[in-house]
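Trainee: Structure file protein.cif, mmCIF, C-alpha atoms, is pasted below:
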data_run
#
loop_
_atom_site.label_atom_id
_atom_site.label_comp_id
_atom_site.auth_asym_id
_atom_site.auth_seq_id
_atom_site.Cartn_x
_atom_site.Cartn_y
_atom_site.Cartn_z
CA PHE A 1 -4.76 -89.44 90.91
CA HIS A 2 -2.09 -90.84 88.60
CA ASN A 3 0.66 -88.80 90.28
CA CYS A 4 -0.52 -89.89 93.73
CA SER A 5 -0.53 -93.56 92.72
CA THR A 6 2.93 -93.25 91.20
CA MET A 7 4.26 -91.67 94.37
CA LYS A 8 2.80 -94.46 96.52
CA LEU A 9 4.32 -97.15 94.30
CA ASN A 10 7.73 -95.50 94.47
CA LEU A 11 7.44 -95.22 98.24
CA LEU A 12 6.62 -98.92 98.57
CA ALA A 13 9.48 -99.87 96.27
CA PHE A 14 12.03 -98.10 98.48
CA LEU A 15 10.76 -99.23 101.89
CA PRO A 16 12.61 -102.60 101.95
CA SER A 17 15.94 -100.92 101.27
CA LEU A 18 15.35 -98.13 103.78
CA SER A 19 14.28 -100.58 106.48
CA LEU A 20 17.76 -102.13 106.43
CA ALA A 21 19.51 -98.86 105.74
CA PHE A 22 21.27 -98.79 109.09
CA ALA A 23 21.82 -102.49 109.62
CA PRO A 24 25.51 -103.47 109.72
CA SER A 25 27.76 -104.93 107.09
CA LYS A 26 29.33 -108.36 106.66
CA GLY A 27 31.91 -109.43 109.17
CA ASN A 28 32.94 -113.07 109.41
CA SER A 29 31.37 -116.11 107.79
CA LYS A 30 30.17 -117.70 111.04
CA VAL A 31 26.46 -118.58 110.98
CA ARG A 32 24.52 -116.64 113.59
CA THR A 33 20.86 -116.68 114.42
CA CYS A 34 19.85 -113.56 116.39
CA ASN A 35 20.09 -109.91 115.47
CA LYS A 36 22.30 -109.20 118.50
CA ALA A 37 24.99 -111.12 116.65
CA PHE A 38 25.11 -108.35 114.03
CA GLU A 39 25.08 -105.38 116.40
CA ASN A 40 28.83 -104.74 116.35
CA GLU A 41 29.49 -105.17 112.65
CA LEU A 42 30.46 -102.49 110.18
CA GLY A 43 27.51 -100.20 109.55
CA ALA A 44 26.01 -100.25 113.05
CA GLN A 45 27.26 -96.86 114.14
CA PRO A 46 26.14 -93.74 116.01
CA PRO A 47 23.70 -92.18 116.39
CA LEU A 48 21.28 -95.02 115.56
CA GLY A 49 23.54 -98.00 116.06
CA PHE A 50 21.90 -101.22 114.91
CA PHE A 51 18.63 -100.20 113.22
CA ASP A 52 16.30 -102.88 111.90
CA PRO A 53 12.73 -101.69 112.63
CA LEU A 54 11.10 -104.41 110.50
CA ASN A 55 13.18 -107.16 112.14
CA LEU A 56 14.41 -108.41 108.79
CA VAL A 57 17.42 -110.05 110.43
CA SER A 58 15.85 -110.99 113.75
CA ASP A 59 16.21 -114.70 112.99
CA ALA A 60 18.58 -114.49 110.02
CA ASP A 61 21.72 -116.51 109.51
CA GLN A 62 24.85 -115.10 107.86
CA GLU A 63 23.69 -116.07 104.37
CA ARG A 64 20.41 -114.19 104.77
CA PHE A 65 22.16 -111.19 106.25
CA ASP A 66 24.71 -111.09 103.43
CA ARG A 67 21.91 -111.17 100.86
CA LEU A 68 20.21 -108.19 102.50
CA ARG A 69 23.52 -106.35 102.73
CA TYR A 70 24.14 -107.05 99.03
CA VAL A 71 20.74 -105.53 98.17
CA GLU A 72 21.37 -102.51 100.38
CA ILE A 73 24.74 -101.79 98.80
CA LYS A 74 23.35 -102.15 95.28
CA HIS A 75 20.40 -99.87 96.03
CA GLY A 76 22.74 -97.37 97.64
CA ARG A 77 25.01 -97.26 94.61
CA ALA A 78 22.08 -96.88 92.22
CA SER A 79 20.63 -94.13 94.42
CA MET A 80 23.90 -92.20 94.49
CA LEU A 81 23.94 -92.21 90.69
CA ALA A 82 20.26 -91.23 90.65
CA VAL A 83 20.76 -88.23 92.94
CA VAL A 84 23.71 -86.99 90.89
CA GLY A 85 21.77 -87.48 87.64
CA TYR A 86 18.73 -85.68 89.00
CA LEU A 87 20.74 -82.67 90.17
CA VAL A 88 22.78 -82.49 86.96
CA GLN A 89 19.63 -82.42 84.85
CA GLU A 90 17.92 -79.90 87.13
CA ALA A 91 20.95 -77.69 86.52
CA GLY A 92 20.06 -77.76 82.82
CA ILE A 93 22.99 -79.90 81.69
CA ARG A 94 22.10 -82.15 78.75
CA LEU A 95 23.92 -84.20 76.15
CA PRO A 96 24.31 -82.49 72.77
CA GLY A 97 22.42 -83.67 69.72
CA ASP A 98 19.25 -85.68 69.31
CA ILE A 99 17.92 -88.71 71.15
CA ASP A 100 16.28 -90.22 68.07
CA LEU A 101 16.25 -89.99 64.28
CA HIS A 102 13.15 -87.79 64.33
CA GLY A 103 15.01 -84.81 65.74
CA THR A 104 14.01 -85.04 69.41
CA SER A 105 16.85 -83.23 71.13
CA PHE A 106 18.29 -84.22 74.50
CA ALA A 107 17.75 -80.61 75.57
CA SER A 108 14.00 -80.97 75.07
CA ILE A 109 13.72 -83.86 77.52
CA ARG A 110 12.32 -82.75 80.86
CA ASN A 111 13.71 -83.95 84.17
CA GLY A 112 12.16 -86.37 86.64
CA PHE A 113 9.02 -88.37 85.92
CA ALA A 114 8.17 -86.11 82.99
CA ALA A 115 11.10 -87.57 81.09
CA PHE A 116 9.19 -90.82 80.61
CA LYS A 117 6.63 -88.88 78.58
CA ASP A 118 9.30 -87.20 76.46
CA ILE A 119 11.68 -90.07 75.74
CA PRO A 120 10.62 -92.20 72.76
CA ALA A 121 9.51 -95.75 73.55
CA SER A 122 12.59 -97.16 71.83
CA GLY A 123 14.79 -95.02 74.08
CA ILE A 124 13.08 -96.27 77.23
CA ALA A 125 13.49 -99.84 75.97
CA GLN A 126 17.21 -99.23 75.49
CA ILE A 127 17.53 -97.84 79.01
CA PHE A 128 15.85 -100.88 80.54
CA GLY A 129 17.89 -103.17 78.31
CA PHE A 130 21.14 -101.54 79.40
CA VAL A 131 20.17 -101.72 83.08
CA GLY A 132 19.25 -105.38 82.61
CA PHE A 133 22.62 -106.07 81.02
CA LEU A 134 24.41 -104.43 83.96
CA GLU A 135 22.29 -106.40 86.43
CA LEU A 136 22.85 -109.77 84.77
CA ALA A 137 26.41 -109.51 83.50
CA VAL A 138 28.35 -106.69 85.16
CA MET A 139 27.20 -105.62 88.62
CA LYS A 140 27.66 -108.96 90.36
CA ASP A 141 30.32 -110.91 92.19
CA LEU A 142 31.64 -113.51 89.75
CA THR A 143 34.93 -114.46 91.38
CA GLY A 144 34.22 -114.45 95.12
CA GLY A 145 35.02 -110.94 96.28
CA GLU A 146 36.70 -109.78 99.45
CA PHE A 147 33.38 -108.62 100.91
CA VAL A 148 29.70 -108.40 100.02
CA GLY A 149 29.34 -105.94 97.15
CA ASP A 150 32.89 -106.40 95.86
CA PHE A 151 32.34 -106.39 92.09
CA ARG A 152 35.96 -106.02 91.00
CA ASN A 153 35.98 -109.61 89.70
CA ASP A 154 39.77 -109.56 89.28
CA PHE A 155 39.26 -107.09 86.43
CA PHE A 156 40.10 -103.75 88.00
CA ASP A 157 41.41 -102.72 91.39
CA LEU A 158 41.53 -98.90 91.55
CA GLY A 159 44.19 -99.15 94.23
CA TRP A 160 42.01 -101.01 96.75
CA ASP A 161 44.66 -103.61 97.60
CA THR A 162 47.11 -100.86 98.53
CA PHE A 163 44.99 -99.81 101.53
CA ASP A 164 45.45 -101.23 105.01
CA GLU A 165 42.54 -102.95 106.74
CA GLU A 166 41.54 -99.91 108.80
CA THR A 167 41.36 -97.73 105.68
CA LYS A 168 39.32 -100.36 103.86
CA LEU A 169 36.80 -100.51 106.72
CA THR A 170 36.58 -96.71 106.77
CA LYS A 171 35.93 -96.51 103.04
CA ARG A 172 33.31 -99.25 103.18
CA ALA A 173 31.56 -97.43 106.04
CA ILE A 174 31.62 -94.20 104.03
CA GLU A 175 30.04 -95.96 101.06
CA LEU A 176 27.31 -97.42 103.25
CA ASN A 177 26.49 -94.03 104.75
CA GLN A 178 26.54 -92.26 101.38
CA GLY A 179 24.30 -94.94 99.89
CA ARG A 180 21.84 -94.73 102.78
CA ALA A 181 21.67 -90.95 102.49
CA ALA A 182 21.22 -91.22 98.72
CA MET A 183 18.34 -93.70 99.08
CA MET A 184 16.50 -91.26 101.30
CA GLY A 185 17.56 -88.34 99.13
CA ILE A 186 16.27 -89.66 95.81
CA LEU A 187 13.06 -90.81 97.49
CA ALA A 188 12.54 -87.31 98.90
CA LEU A 189 13.23 -85.74 95.50
CA MET A 190 10.70 -88.02 93.79
CA VAL A 191 8.01 -87.52 96.43
CA HIS A 192 8.37 -83.75 96.45
CA GLU A 193 8.34 -83.67 92.67
CA GLN A 194 4.97 -85.42 92.72
CA LEU A 195 3.75 -83.02 95.39
CA GLY A 196 4.86 -80.06 93.27
CA VAL A 197 7.21 -78.79 95.99
CA SER A 198 10.85 -78.69 94.93
CA LEU A 199 13.61 -79.38 97.44
CA ILE A 200 16.14 -77.60 95.23
CA PRO A 201 16.68 -73.88 95.95
CA SER A 202 15.33 -71.42 93.35
CA LEU A 203 13.26 -74.12 91.61
#
Produce structure tokens that represent the structure in this file.

Mentor:
Amino acid sequence: FHNCSTMKLNLLAFLPSLSLAFAPSKGNSKVRTCNKAFENELGAQPPLGFFDPLNLVSDADQERFDRLRYVEIKHGRASMLAVVGYLVQEAGIRLPGDIDLHGTSFASIRNGFAAFKDIPASGIAQIFGFVGFLELAVMKDLTGGEFVGDFRNDFFDLGWDTFDEETKLTKRAIELNQGRAAMMGILALMVHEQLGVSLIPSL
């Protein structure tokens, strides 16, 4: 019963992000009031084109749309990290040493939901504290970025300004697609873990 409830809660938590998963990205700053206005923006691409089954942007202006795009990008980035972390740990790769002063080794921590039972309470608190710090102080646009989700904040560039506009659009589209796939991927991994059916070969 507990596993079933957990799975349902996780499913509900991801639905808002997935519902906008194929809606397009920010274009210009002009205020628009119908979803047809967003149909040709970055992110509305084959085979689904503009995909907003819950009509989240049916009567949205640009500000509302940009907020939803910001949430989608952030969820996509977190999901990409989550998928990589899940697969790395399923492969048996762990940090060396202990996770606490009582001798609990990183190697003894199970993967997936079971990790929450193995990690000491202080460790879980540190994880949430670190995520909160990133949310409040790091992963946000402080200087007015070039596009929604631009968190460079005039601190690092990684060569972005050397790309032409076409290359920038291509890379942004790639990130959107990878994030969308990762959101569905980590959700599938969590659901199948709760069902006891692994999606990973030989597991």

Trainee: Find, counting all atoms listed in the file, the residue in A:Asp161, A:Asp118, A:Glu72, A:Asp59 that gets nearest to Gly179 of chain A.

Mentor: A:Glu72

Trainee: Nearest to Pro96 of chain A among A:Met184, A:Ile109, A:Leu68, A:Ala78, with distances taken over all atoms listed in the file: which residue is it?

Mentor: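 Ranking A:Met184, A:Ile109, A:Leu68, A:Ala78 by distance to Pro96 of chain A, first place goes to A:Ile109.
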
Trainee: For a test of reading the model, state the distance in Å between atom CA of Ser198 of chain A and atom CA of Val84 of chain A, rounded to one decimal.

Mentor: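 So the answer is 15.8 Å.
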
Trainee: Distance atom CA of Asp66 of chain A-atom CA of Pro53 of chain A, one decimal place?

Mentor: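 Interatomic distance here is 17.8 Å.
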
Trainee: For segment 83-100 of chain A, I'd like the enclosing box, axis-aligned and padded by 5 Å on every side, reported as JSON with centre and edge lengths in Å to one decimal.

Mentor:
{"center_x": 20.3, "center_y": -84.0, "center_z": 80.5, "size_x": 18.0, "size_y": 22.5, "size_z": 34.9}

Trainee: Please indicate the distance in Å from atom CA of Met190 of chain A to atom CA of Gly112 of chain A, rounded to one decimal place.

Mentor: 7.5 Å

Trainee: Which residue, A:Leu54, A:Val71, A:Gly49, A:Trp160, has the smallest gap to Glu135 of chain A when you use all atoms listed in the file?

Mentor: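 Checking each of A:Leu54, A:Val71, A:Gly49, A:Trp160 against Glu135 of chain A, counting all atoms listed in the file, the winner is A:Val71.
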
Trainee: Go through the shown structure with the PyMOL selection byres ((chain A and resi 145-155) around 10) and write out the matching residues as a list in words.

Mentor: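 What the PyMOL selection byres ((chain A and resi 145-155) around 10) grabs from the file is Ser25, Lys26, Gly27, Asn28, Asp66, Arg67, Leu68, Arg69, Tyr70, Val71, Glu72, Ile73, Lys74, Val138, Met139, Lys140, Asp141, Leu142, Thr143, Gly144, Phe156, Asp157, Leu158, Trp160 and Arg172 of chain A.
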